[in-house]
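Q: One structure follows; several queries about it will come next.
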Protein chains: 2
Amino acid sequence: MTPTNRTKLSRLPKRGHHDTATIYPILDAGLVCHVSYQLDGQPFLIPTAYGRIDNTVYIHGSVGSHFFRQLAQGVPVCVAVTHVDGLVLARSAFSHSVNYRSVVLFGQTRLVDDPDEAWAALERITEHLMPGRWADTRPPSASEMKKTMVLAIEIEEASAKVRTGNVNDDPEDLDLPHWAGVVPVSLQYGQPIQDPIQSKDIAVPDYIASFKG
Amino acid sequence: MTPTNRTKLSRLPKRGHHDTATIYPILDAGLVCHVSYQLDGQPFLIPTAYGRIDNTVYIHGSVGSHFFRQLAQGVPVCVAVTHVDGLVLARSAFSHSVNYRSVVLFGQTRLVDDPDEAWAALERITEHLMPGRWADTRPPSASEMKKTMVLAIEIEEASAKVRTGNVNDDPEDLDLPHWAGVVPVSLQYGQPIQDPIQSKDIAVPDYIASFKG
């Protein structure tokens, strides 16, 4: 994707990437995205689940949602997915940083009215959260589909920013007595907790028990 | 804080909170926030570190940053902090959800030009990332302070949304054979990795070794 002024990085351009080989895996590794839009100059933000199919990000909400009704009209949005991978503790306060992977993308919302596309999007959003889950659920009924609004955001432009590695103190700070290094940060998935009213005869399926994100 | 149309929840109002006793701890538990602003109708998003002092959120960036220079002019922003606490796997696809805590707040950016306020903000941002760290670093020099832009966002209005607990399937789905429950999600802090060029005589301080987020 060719960067315009929306995504060109003015600072630390070596941290920037515009190729889908970098962007898509960062998108696919997230649990929630943040969607921003504006109304009369006032910016708004919605944290929400999502899923990607090819170059389109799908989100869904209730047809009764004030926010989703505004988005359904087809408006420019900016969407971000951010992972924190580490706290970078340098000898100097100034050189402190965070290891992270983030994608910021631009597009336009489109209300999905094709039932097949809406179905595929909901399947993807569910599979994005937990691969293998869609086939192991009661699929949406016609009335549930009517209550659900699906929005497509085709990625017009996107940039990824990635910081990895260790601290990067100035040479004159290297002999300071402050411990320096990185504290890794990651998402951890705990032991699944079964619905207490469900029979214990139903065991946790492998795709859930072995899920590592 | 009294909700206006910006933060009143049209859906699931029982998940909404407007009291600082709910809002501040959710803000304080985050590693990065997402800041959104708009320019000529185009929304933009910046994931960034932050810190809160009383009712003000502080962010910082390089004076060379295109984004921060735009924000420095004093513009309306929307800021979100989101924690995912669990994947809620219901028997029906429709009832799938996510356990989460999120805050969405509104305010106006203000360039901090008072050196004492800027210093206090940078201390808070560092302490937010790793409590105890500020006193164990080489503090910013005058020239580093000049390279750093600090922005204050006083919280004019904010809402928190929280979902906790187990699955909430429809009564008619309860006997379906699909495993149902919650997979807990949390941030995990790994073993600190020392800068390889630093002497091993400098041990990991307790405040880092015992940090749990």
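In the structure tokens, each chain is lettered A, B, ... as it comes, each chain's residues begin at 1, and ligands are numbered from 1 in order of appearance.
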Hey, which bits of segment 144-203 of chain A sit within 12 Å of segment 85-98 of chain A, and for each residue what's the closest pair of atoms and how far apart in Å (one decimal), counting only C-alpha atoms, rows by chain and increasing number, as a tab-separated table?
A:
```
residue	atom	partner	partner_atom	distance
A:Lys161	CA	A:Val98	CA	11.7
A:Val162	CA	A:Asp85	CA	9.8
A:Arg163	CA	A:Val98	CA	7.4
A:Thr164	CA	A:Asp85	CA	8.0
A:Gly165	CA	A:Val88	CA	8.7
A:Asn166	CA	A:Val88	CA	6.9
A:Val167	CA	A:Ala90	CA	5.5
A:Asn168	CA	A:Ser95	CA	6.7
A:Asp169	CA	A:Ser95	CA	6.0
A:Asp170	CA	A:Ser95	CA	8.0
A:Pro171	CA	A:Arg91	CA	10.6
A:Glu172	CA	A:Ser92	CA	10.2
A:Asp173	CA	A:Arg91	CA	6.6
A:Leu174	CA	A:Arg91	CA	7.3
A:Asp175	CA	A:Arg91	CA	8.9
A:Leu176	CA	A:Arg91	CA	6.6
A:Pro177	CA	A:Arg91	CA	7.8
A:His178	CA	A:Arg91	CA	5.4
A:Trp179	CA	A:Arg91	CA	6.8
A:Ala180	CA	A:Ala90	CA	5.0
A:Gly181	CA	A:Leu89	CA	5.4
A:Val182	CA	A:Val88	CA	4.6
A:Val183	CA	A:Leu87	CA	5.0
A:Pro184	CA	A:Gly86	CA	4.1
A:Val185	CA	A:Gly86	CA	4.7
A:Ser186	CA	A:Asp85	CA	5.9
A:Leu187	CA	A:Asp85	CA	9.0
```
Q: What residues in segment 12-178 of chain A get the DSSP label alpha helix (DSSP H)? Please answer as a VMD selection string.
A: chain A and resid 20 to 28 66 to 71 115 to 129 142 to 147
Q: Taking 5 positions as the minimum chain separation for residues in the same chain, which residues sit within 12 Å of Pro25 of chain A when counting only C-alpha atoms? Answer as a ChimeraX atom specification.
A: /A:19-20,30,51-52,54,81-83,101-103,128,160
Q: What residues in segment 146-205 of chain B get the DSSP label strand (DSSP E)? Please answer as a ChimeraX atom specification.
A: /B:148-154,157-163,181-189,193-194
Q: Those same residues, written as an mmCIF file, in the first residue's frame with N, CA, C and O atoms?
A:
```
data_model
loop_
_atom_site.group_PDB
_atom_site.id
_atom_site.type_symbol
_atom_site.label_atom_id
_atom_site.label_comp_id
_atom_site.auth_asym_id
_atom_site.auth_seq_id
_atom_site.Cartn_x
_atom_site.Cartn_y
_atom_site.Cartn_z
ATOM 1 N N THR B 148 10.814 17.269 24.144
ATOM 2 C CA THR B 148 9.617 16.516 24.521
ATOM 3 C C THR B 148 8.406 17.435 24.603
ATOM 4 O O THR B 148 8.467 18.492 25.235
ATOM 5 N N MET B 149 7.344 17.034 23.952
ATOM 6 C CA MET B 149 6.102 17.792 24.047
ATOM 7 C C MET B 149 5.167 17.061 25.007
ATOM 8 O O MET B 149 4.944 15.860 24.858
ATOM 9 N N VAL B 150 4.659 17.781 25.979
ATOM 10 C CA VAL B 150 3.700 17.194 26.918
ATOM 11 C C VAL B 150 2.342 17.830 26.676
ATOM 12 O O VAL B 150 2.228 19.054 26.575
ATOM 13 N N LEU B 151 1.331 16.996 26.574
ATOM 14 C CA LEU B 151 -0.036 17.480 26.373
ATOM 15 C C LEU B 151 -0.906 17.036 27.536
ATOM 16 O O LEU B 151 -0.805 15.886 27.989
ATOM 17 N N ALA B 152 -1.741 17.948 27.993
ATOM 18 C CA ALA B 152 -2.700 17.637 29.051
ATOM 19 C C ALA B 152 -4.091 17.526 28.443
ATOM 20 O O ALA B 152 -4.455 18.306 27.559
ATOM 21 N N ILE B 153 -4.827 16.545 28.909
ATOM 22 C CA ILE B 153 -6.231 16.397 28.496
ATOM 23 C C ILE B 153 -7.057 16.329 29.773
ATOM 24 O O ILE B 153 -7.083 15.299 30.455
ATOM 25 N N GLU B 154 -7.670 17.439 30.117
ATOM 26 C CA GLU B 154 -8.544 17.400 31.293
ATOM 27 C C GLU B 154 -9.815 16.646 30.923
ATOM 28 O O GLU B 154 -10.401 16.884 29.863
ATOM 29 N N GLU B 157 -15.610 14.688 30.368
ATOM 30 C CA GLU B 157 -16.712 13.734 30.435
ATOM 31 C C GLU B 157 -16.132 12.356 30.163
ATOM 32 O O GLU B 157 -15.230 12.213 29.330
ATOM 33 N N ALA B 158 -16.627 11.358 30.848
ATOM 34 C CA ALA B 158 -16.090 10.014 30.633
ATOM 35 C C ALA B 158 -17.149 8.985 30.971
ATOM 36 O O ALA B 158 -18.047 9.235 31.784
ATOM 37 N N SER B 159 -17.051 7.835 30.329
ATOM 38 C CA SER B 159 -17.910 6.723 30.716
ATOM 39 C C SER B 159 -17.084 5.454 30.721
ATOM 40 O O SER B 159 -16.167 5.287 29.919
ATOM 41 N N ALA B 160 -17.407 4.600 31.655
ATOM 42 C CA ALA B 160 -16.775 3.290 31.713
ATOM 43 C C ALA B 160 -17.799 2.246 31.321
ATOM 44 O O ALA B 160 -18.992 2.392 31.596
ATOM 45 N N LYS B 161 -17.332 1.212 30.642
ATOM 46 C CA LYS B 161 -18.190 0.057 30.380
ATOM 47 C C LYS B 161 -17.466 -1.176 30.901
ATOM 48 O O LYS B 161 -16.264 -1.339 30.689
ATOM 49 N N VAL B 162 -18.218 -2.006 31.577
ATOM 50 C CA VAL B 162 -17.630 -3.179 32.200
ATOM 51 C C VAL B 162 -18.547 -4.369 31.956
ATOM 52 O O VAL B 162 -19.749 -4.284 32.196
ATOM 53 N N ARG B 163 -17.978 -5.475 31.458
ATOM 54 C CA ARG B 163 -18.715 -6.732 31.449
ATOM 55 C C ARG B 163 -17.907 -7.746 32.231
ATOM 56 O O ARG B 163 -16.706 -7.914 31.992
ATOM 57 N N GLY B 181 -18.620 -21.304 28.445
ATOM 58 C CA GLY B 181 -17.906 -20.764 29.597
ATOM 59 C C GLY B 181 -17.035 -19.596 29.207
ATOM 60 O O GLY B 181 -17.203 -19.010 28.134
ATOM 61 N N VAL B 182 -16.112 -19.269 30.094
ATOM 62 C CA VAL B 182 -15.256 -18.108 29.895
ATOM 63 C C VAL B 182 -13.792 -18.537 29.898
ATOM 64 O O VAL B 182 -13.378 -19.333 30.743
ATOM 65 N N VAL B 183 -13.042 -18.026 28.932
ATOM 66 C CA VAL B 183 -11.586 -18.188 28.954
ATOM 67 C C VAL B 183 -11.001 -16.870 29.474
ATOM 68 O O VAL B 183 -11.099 -15.840 28.809
ATOM 69 N N PRO B 184 -10.423 -16.907 30.684
ATOM 70 C CA PRO B 184 -9.871 -15.653 31.237
ATOM 71 C C PRO B 184 -8.679 -15.164 30.413
ATOM 72 O O PRO B 184 -7.900 -15.974 29.897
ATOM 73 N N VAL B 185 -8.578 -13.867 30.296
ATOM 74 C CA VAL B 185 -7.462 -13.239 29.584
ATOM 75 C C VAL B 185 -6.840 -12.212 30.521
ATOM 76 O O VAL B 185 -7.558 -11.459 31.175
ATOM 77 N N SER B 186 -5.529 -12.215 30.581
ATOM 78 C CA SER B 186 -4.867 -11.188 31.401
ATOM 79 C C SER B 186 -3.501 -10.872 30.818
ATOM 80 O O SER B 186 -2.966 -11.625 30.006
ATOM 81 N N LEU B 187 -2.961 -9.751 31.232
ATOM 82 C CA LEU B 187 -1.596 -9.404 30.829
ATOM 83 C C LEU B 187 -0.628 -10.128 31.746
ATOM 84 O O LEU B 187 -0.820 -10.179 32.957
ATOM 85 N N GLN B 188 0.416 -10.684 31.140
ATOM 86 C CA GLN B 188 1.418 -11.368 31.925
ATOM 87 C C GLN B 188 2.754 -10.649 31.746
ATOM 88 O O GLN B 188 3.127 -10.300 30.619
ATOM 89 N N TYR B 189 3.437 -10.440 32.857
ATOM 90 C CA TYR B 189 4.759 -9.808 32.803
ATOM 91 C C TYR B 189 5.805 -10.892 32.978
ATOM 92 O O TYR B 189 5.784 -11.627 33.965
ATOM 93 N N ILE B 193 14.572 -8.969 31.197
ATOM 94 C CA ILE B 193 15.737 -9.314 30.381
ATOM 95 C C ILE B 193 16.713 -8.130 30.450
ATOM 96 O O ILE B 193 16.428 -7.050 29.920
ATOM 97 N N GLN B 194 17.834 -8.360 31.097
ATOM 98 C CA GLN B 194 18.776 -7.246 31.290
ATOM 99 C C GLN B 194 19.437 -6.869 29.966
ATOM 100 O O GLN B 194 19.701 -7.734 29.112
#
```
Q: Between A:Ile59, A:Val104, A:Leu111, A:Ile125, which one has atoms that come closest to Glu156 of chain A, using only C-alpha atoms?
A: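 Nearest to Glu156 of chain A: A:Val104.
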Q: One decimal, Å: what's the distance from atom CA of Trp119 of chain A over to atom CA of Ile202 of chain A, could you say?
A: 27.2 Å
Q: If we count only C-alpha atoms and set the cut-off at 9 Å, which residues sit around Gly41 of chain A, ignoring sequence neighbours fewer than 6 positions away in its own chain? Please answer as number ranges by chain.
A: B: 37-41, 76
Q: So what do you get for atom CA of Val32 of chain A versus atom CA of Arg124 of chain A, distance-wise?
A: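 Interatomic distance here is 13.5 Å.
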Q: Expressed in Å to a single decimal, how great is the separation between atom CA of Ser36 of chain B and atom CA of Phe44 of chain A?
A: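 Those two atoms sit 7.2 Å apart.
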